[in-house]
file entry.txt (compact mmCIF, C-alpha atoms (C1' of nucleotides))
# COMPACT_ATOMS: atom_id res chain seq x y z
CA MET A 1 128.28 101.61 26.76
CA PRO A 2 129.97 98.44 28.05
CA LYS A 3 128.08 95.25 27.60
CA SER A 4 126.10 93.61 30.34
CA TYR A 5 125.83 90.00 31.39
CA TRP A 6 122.75 87.98 32.17
CA LEU A 7 121.51 84.61 33.26
CA MET A 8 118.39 83.35 31.50
CA LYS A 9 116.56 80.22 32.52
CA SER A 10 114.79 77.77 30.33
CA GLU A 11 113.27 74.46 31.26
CA GLU A 12 115.48 71.94 29.61
CA ASP A 13 112.64 69.86 28.22
CA VAL A 14 110.88 72.94 26.85
CA TYR A 15 113.77 74.74 25.15
CA SER A 16 117.36 73.65 25.70
CA ILE A 17 120.74 74.96 24.59
CA ARG A 18 120.65 72.25 21.92
CA ASP A 19 117.40 73.66 20.60
CA LEU A 20 119.02 77.08 20.45
CA GLU A 21 122.03 75.60 18.69
CA ARG A 22 119.73 74.03 16.11
CA ASP A 23 117.72 77.23 15.63
CA GLY A 24 120.68 79.59 15.77
CA LYS A 25 118.38 82.29 17.05
CA THR A 26 115.10 82.46 18.93
CA SER A 27 112.64 84.87 20.48
CA TRP A 28 112.23 84.81 24.24
CA GLU A 29 108.46 85.07 24.51
CA GLY A 30 106.28 84.23 27.44
CA VAL A 31 108.05 85.96 30.30
CA ARG A 32 105.26 87.14 32.60
CA ASN A 33 107.17 88.55 35.51
CA TYR A 34 107.53 92.30 35.85
CA GLU A 35 111.10 92.38 37.03
CA ALA A 36 112.27 90.13 34.24
CA ARG A 37 110.18 92.18 31.81
CA ASN A 38 111.84 95.38 32.97
CA LEU A 39 115.28 93.93 32.40
CA MET A 40 114.42 92.89 28.86
CA ARG A 41 112.61 96.11 28.05
CA ASP A 42 115.02 98.57 29.64
CA LYS A 43 118.42 97.05 30.22
CA MET A 44 119.33 94.44 27.65
CA ARG A 45 121.29 95.54 24.61
CA VAL A 46 122.36 93.82 21.46
CA GLY A 47 125.63 92.04 22.11
CA ASP A 48 125.06 91.44 25.82
CA GLU A 49 126.19 88.01 26.85
CA VAL A 50 123.98 85.38 28.43
CA LEU A 51 124.48 82.32 30.58
CA PHE A 52 121.91 79.84 29.33
CA TYR A 53 120.55 78.02 32.37
CA HIS A 54 118.60 74.76 32.35
CA SER A 55 115.97 74.72 35.08
CA ASN A 56 113.91 71.66 35.95
CA ALA A 57 116.84 69.65 34.70
CA THR A 58 118.88 66.83 36.16
CA PRO A 59 121.04 68.41 37.25
CA PRO A 60 120.03 72.05 36.80
CA GLY A 61 122.79 74.44 35.79
CA VAL A 62 124.40 76.60 33.14
CA ALA A 63 124.48 74.68 29.87
CA GLY A 64 126.01 77.19 27.51
CA LEU A 65 126.27 80.73 26.23
CA ALA A 66 124.04 82.96 24.17
CA ARG A 67 123.94 86.57 23.11
CA ILE A 68 121.24 89.21 22.86
CA ALA A 69 120.45 89.58 19.16
CA ARG A 70 117.59 92.06 19.38
CA LYS A 71 116.70 94.47 22.14
CA GLY A 72 113.39 94.47 23.96
CA TYR A 73 110.20 94.67 21.89
CA PRO A 74 106.54 93.92 22.64
CA ASP A 75 105.75 90.22 23.02
CA PRO A 76 103.21 89.52 20.25
CA PHE A 77 102.16 86.25 21.85
CA ALA A 78 100.42 88.30 24.55
CA PHE A 79 98.04 89.59 21.83
CA ASP A 80 97.26 86.17 20.41
CA GLU A 81 94.17 84.56 21.88
CA LYS A 82 95.33 81.18 20.66
CA SER A 83 98.64 81.41 22.46
CA ARG A 84 99.26 80.00 25.89
CA TYR A 85 100.96 83.31 26.57
CA PHE A 86 97.87 85.35 25.74
CA ASP A 87 97.17 88.17 28.18
CA PRO A 88 94.06 90.27 27.51
CA ARG A 89 95.54 93.07 29.60
CA SER A 90 98.27 93.66 27.05
CA HIS A 91 97.40 95.80 24.02
CA PRO A 92 99.48 96.61 20.96
CA ASP A 93 99.23 100.33 21.69
CA GLU A 94 100.24 99.77 25.30
CA PRO A 95 102.05 96.47 25.52
CA ARG A 96 102.46 94.98 28.94
CA TRP A 97 104.98 92.29 28.09
CA PHE A 98 108.28 92.47 26.25
CA MET A 99 110.79 90.01 24.91
CA VAL A 100 114.23 89.93 23.29
CA ASP A 101 115.83 87.73 20.66
CA LEU A 102 118.66 85.45 21.63
CA GLU A 103 121.35 83.91 19.45
CA PHE A 104 123.39 80.81 20.06
CA VAL A 105 127.03 81.20 21.05
CA GLU A 106 128.08 77.81 22.33
CA ALA A 107 127.07 74.77 24.32
CA PHE A 108 129.44 74.04 27.18
CA PRO A 109 131.37 70.80 26.70
CA ARG A 110 130.66 70.35 30.40
CA MET A 111 127.59 71.85 32.00
CA VAL A 112 128.15 73.80 35.18
CA SER A 113 125.67 72.43 37.68
CA LEU A 114 123.88 74.44 40.33
CA GLU A 115 125.77 72.42 42.91
CA GLU A 116 129.07 73.42 41.36
CA LEU A 117 128.02 77.07 41.23
CA ARG A 118 127.18 76.84 44.92
CA SER A 119 130.53 75.45 45.85
CA THR A 120 132.64 77.72 43.65
CA PRO A 121 134.47 80.40 45.63
CA GLY A 122 133.77 83.85 44.26
CA LEU A 123 130.18 83.20 43.21
CA GLY A 124 128.67 83.91 46.60
CA GLU A 125 127.00 87.14 45.55
CA MET A 126 125.04 85.84 42.59
CA VAL A 127 121.43 87.02 42.34
CA LEU A 128 120.59 83.33 41.96
CA TRP A 129 121.07 82.74 45.67
CA LYS A 130 118.62 85.34 46.86
CA ARG A 131 116.21 85.52 43.94
CA SER A 132 116.26 81.93 42.90
CA ARG A 133 112.97 82.04 41.03
CA LEU A 134 113.70 85.05 38.87
CA SER A 135 114.07 83.68 35.34
CA ILE A 136 116.17 86.54 34.03
CA GLN A 137 118.84 88.02 36.21
CA PRO A 138 121.89 90.23 35.93
CA VAL A 139 125.30 88.62 36.37
CA THR A 140 128.52 90.49 37.04
CA ARG A 141 131.25 90.44 34.45
CA GLU A 142 133.47 88.66 36.97
CA ASP A 143 130.93 85.92 37.74
CA PHE A 144 130.25 85.47 34.04
CA GLY A 145 133.97 84.99 33.47
CA ILE A 146 134.30 82.43 36.26
CA ILE A 147 131.35 80.39 35.02
CA ARG A 148 132.42 80.56 31.39
CA LYS A 149 135.82 79.22 32.35
CA LEU A 150 134.27 76.36 34.29
CA GLY A 151 132.05 75.43 31.37
CA LEU A 152 134.78 75.48 28.77
CA ARG A 153 137.24 73.50 30.84
CA SER A 154 137.17 69.91 29.66
C1' DG B 1 105.26 64.41 42.99
C1' DC B 2 106.15 67.37 46.92
C1' DC B 3 106.52 71.61 48.79
C1' DA B 4 108.99 76.01 50.17
C1' DA B 5 109.61 80.43 48.45
C1' DC B 6 107.68 84.15 46.70
C1' DG B 7 105.27 87.09 43.15
C1' DT B 8 100.51 88.48 42.01
C1' DT B 9 95.66 89.28 42.66
C1' DG B 10 91.74 91.05 44.66
C1' DG B 11 88.59 91.96 48.66
C1' DC B 12 88.19 95.08 52.09
C1' DG C 1 97.37 100.16 51.23
C1' DC C 2 97.12 95.80 53.67
C1' DC C 3 97.31 91.15 53.51
C1' DA C 4 95.26 86.48 52.81
C1' DA C 5 94.58 83.46 49.15
C1' DC C 6 96.27 81.76 45.20
C1' DG C 7 99.35 80.32 41.48
C1' DT C 8 103.92 79.41 39.78
C1' DT C 9 108.76 78.29 39.90
C1' DG C 10 112.11 75.20 40.45
C1' DG C 11 115.09 72.22 43.46
C1' DC C 12 114.91 67.92 45.30
call {"tool": "encode", "arguments": {"input": "entry.txt", "output": "C-alpha cells"}}
result
Amino acid sequence: MPKSYWLMKSEEDVYSIRDLERDGKTSWEGVRNYEARNLMRDKMRVGDEVLFYHSNATPPGVAGLARIARKGYPDPFAFDEKSRYFDPRSHPDEPRWFMVDLEFVEAFPRMVSLEELRSTPGLGEMVLWKRSRLSIQPVTREDFGIIRKLGLRS
DNA sequence: GCCAACGTTGGC
DNA sequence: GCCAACGTTGGC
C-alpha cells in the first residue's frame, strides 16, 4: 500500500508547527466534521505524510511537514464532559468522532503562503481551492512534492 | 471584526 | 426529504 498525502490545518495561535516541534508528537483531537472524520478513521495510515497548514495566520499557509504516527482511533475528548470537545452523542461503544496522532517532521525554513500556493503553476487542482474550509484534505503526491520543494528552498 | 461560504440541525 | 435557520471556518 503506497503512502498517502494530506493537508491538515491548525490555527497558528492554537497549535503551530513550533508547538509540534516542541512536543514531537501530538493527538489530533477535536475534529467535528464528518468528512474529515472519515479521512482520519478510514484512510490515514501510519507513515502518511502531512502538510501542516497554519490557518487564521498572517499570512496563512503551509508551515512544515508532519507524519501520521497512529491511525484513526476514537477521540476520547468527545466522552469527557469537561472538554470543550465533549459531544454527548458520541459513546465509547459507538464512537462518533475519531482522531489520529501526528509526529513532527520539519518546520519549513520558509513558509509557503496561501498566496504563493495560488500562484504556483501545477497546484490548480488542490482540494483547497474548492473545499477551502475542510480542515483535513487529501493532497496528491505531485502537489505534496511541489509544496515541499517550495518550503525547503531557502 | 466582517462576512462569504458552506456544513449541520431540526421543523415540517 | 426539503430547506431555512443557524453556527463555524477562515481569508481578508
call {"tool": "interface_residues", "arguments": {"input": "entry.txt", "of": "chain C", "to": "chain A", "cutoff": "10 Å", "atoms": "only C-alpha atoms (C1' of nucleotides)", "output": "PyMOL selection string"}}
result
chain C and resi 8-11
call {"tool": "atom_distance", "arguments": {"input": "entry.txt", "atom1": "atom CA of Trp6 of chain A", "atom2": "atom CA of Gly122 of chain A"}}
result
16.9 Å
call {"tool": "residues_around", "arguments": {"input": "entry.txt", "residues": "segment 98-110 of chain A", "least_positions_apart": "2", "cutoff": "7 Å", "atoms": "all atoms listed in the file", "output": "NGL selection string"}}
result
:A and (17 or 20-21 or 24-29 or 37 or 40-41 or 63-75 or 96 or 112 or 151-152 or 154)
call {"tool": "write_last_selection", "arguments": {"input": "entry.txt", "atoms": "C-alpha atoms", "output": "compact mmCIF listing (two decimals), keeping the file's coordinate frame"}}
result
# COMPACT_ATOMS: atom_id res chain seq x y z
CA ILE A 17 120.74 74.96 24.59
CA LEU A 20 119.02 77.08 20.45
CA GLU A 21 122.03 75.60 18.69
CA GLY A 24 120.68 79.59 15.77
CA LYS A 25 118.38 82.29 17.05
CA THR A 26 115.10 82.46 18.93
CA SER A 27 112.64 84.87 20.48
CA TRP A 28 112.23 84.81 24.24
CA GLU A 29 108.46 85.07 24.51
CA ARG A 37 110.18 92.18 31.81
CA MET A 40 114.42 92.89 28.86
CA ARG A 41 112.61 96.11 28.05
CA ALA A 63 124.48 74.68 29.87
CA GLY A 64 126.01 77.19 27.51
CA LEU A 65 126.27 80.73 26.23
CA ALA A 66 124.04 82.96 24.17
CA ARG A 67 123.94 86.57 23.11
CA ILE A 68 121.24 89.21 22.86
CA ALA A 69 120.45 89.58 19.16
CA ARG A 70 117.59 92.06 19.38
CA LYS A 71 116.70 94.47 22.14
CA GLY A 72 113.39 94.47 23.96
CA TYR A 73 110.20 94.67 21.89
CA PRO A 74 106.54 93.92 22.64
CA ASP A 75 105.75 90.22 23.02
CA ARG A 96 102.46 94.98 28.94
CA VAL A 112 128.15 73.80 35.18
CA GLY A 151 132.05 75.43 31.37
CA LEU A 152 134.78 75.48 28.77
CA SER A 154 137.17 69.91 29.66
call {"tool": "axis_aligned_box", "arguments": {"input": "entry.txt", "around": "chain C", "padding_each_side": "4 Å", "output": "AutoDock Vina command-line options"}}
result
--center_x 104.8 --center_y 84.0 --center_z 46.7 --size_x 28.5 --size_y 40.2 --size_z 21.9
call {"tool": "atom_distance", "arguments": {"input": "entry.txt", "atom1": "atom CA of Arg141 of chain A", "atom2": "atom CA of Glu35 of chain A"}}
result
20.4 Å
call {"tool": "atom_distance", "arguments": {"input": "entry.txt", "atom1": "atom CA of Leu123 of chain A", "atom2": "atom CA of Tyr5 of chain A"}}
result
14.3 Å
call {"tool": "residues_near_point", "arguments": {"input": "entry.txt", "point": "(99.9, 83.9, 47.0)", "cutoff": "8 Å", "atoms": "all atoms listed in the file", "output": "list of chain:residue names"}}
result
B:DC6, B:DG7, B:DT8, C:DA4, C:DA5, C:DC6, C:DG7
call {"tool": "build_atoms", "arguments": {"input": "entry.txt", "residues": "segment 121-133 of chain A", "atoms": "N, CA and C atoms", "output": "tab-separated table (two decimals), in the coordinates of the input"}}
result
chain	number	residue	atom	x	y	z
A	121	PRO	N	134.12	79.16	44.93
A	121	PRO	CA	134.47	80.40	45.63
A	121	PRO	C	134.36	81.58	44.66
A	122	GLY	N	133.86	82.68	45.12
A	122	GLY	CA	133.77	83.85	44.26
A	122	GLY	C	132.38	84.08	43.69
A	123	LEU	N	131.52	83.06	43.77
A	123	LEU	CA	130.18	83.20	43.21
A	123	LEU	C	129.12	83.43	44.28
A	124	GLY	N	129.57	83.79	45.46
A	124	GLY	CA	128.67	83.91	46.60
A	124	GLY	C	127.66	85.03	46.52
A	125	GLU	N	127.89	85.99	45.62
A	125	GLU	CA	127.00	87.14	45.55
A	125	GLU	C	126.03	87.08	44.38
A	126	MET	N	125.96	85.92	43.73
A	126	MET	CA	125.04	85.84	42.59
A	126	MET	C	123.59	86.09	43.00
A	127	VAL	N	122.85	86.75	42.10
A	127	VAL	CA	121.43	87.02	42.34
A	127	VAL	C	120.69	85.69	42.55
A	128	LEU	N	121.19	84.67	41.89
A	128	LEU	CA	120.59	83.33	41.96
A	128	LEU	C	120.35	82.86	43.39
A	129	TRP	N	121.19	83.24	44.29
A	129	TRP	CA	121.07	82.74	45.67
A	129	TRP	C	119.92	83.38	46.42
A	130	LYS	N	119.68	84.66	46.11
A	130	LYS	CA	118.62	85.34	46.86
A	130	LYS	C	117.32	85.44	46.09
A	131	ARG	N	117.41	85.36	44.77
A	131	ARG	CA	116.21	85.52	43.94
A	131	ARG	C	116.12	84.32	43.02
A	132	SER	N	116.08	83.16	43.67
A	132	SER	CA	116.26	81.93	42.90
A	132	SER	C	115.20	81.72	41.82
A	133	ARG	N	114.03	82.32	42.00
A	133	ARG	CA	112.97	82.04	41.03
A	133	ARG	C	112.92	83.02	39.86
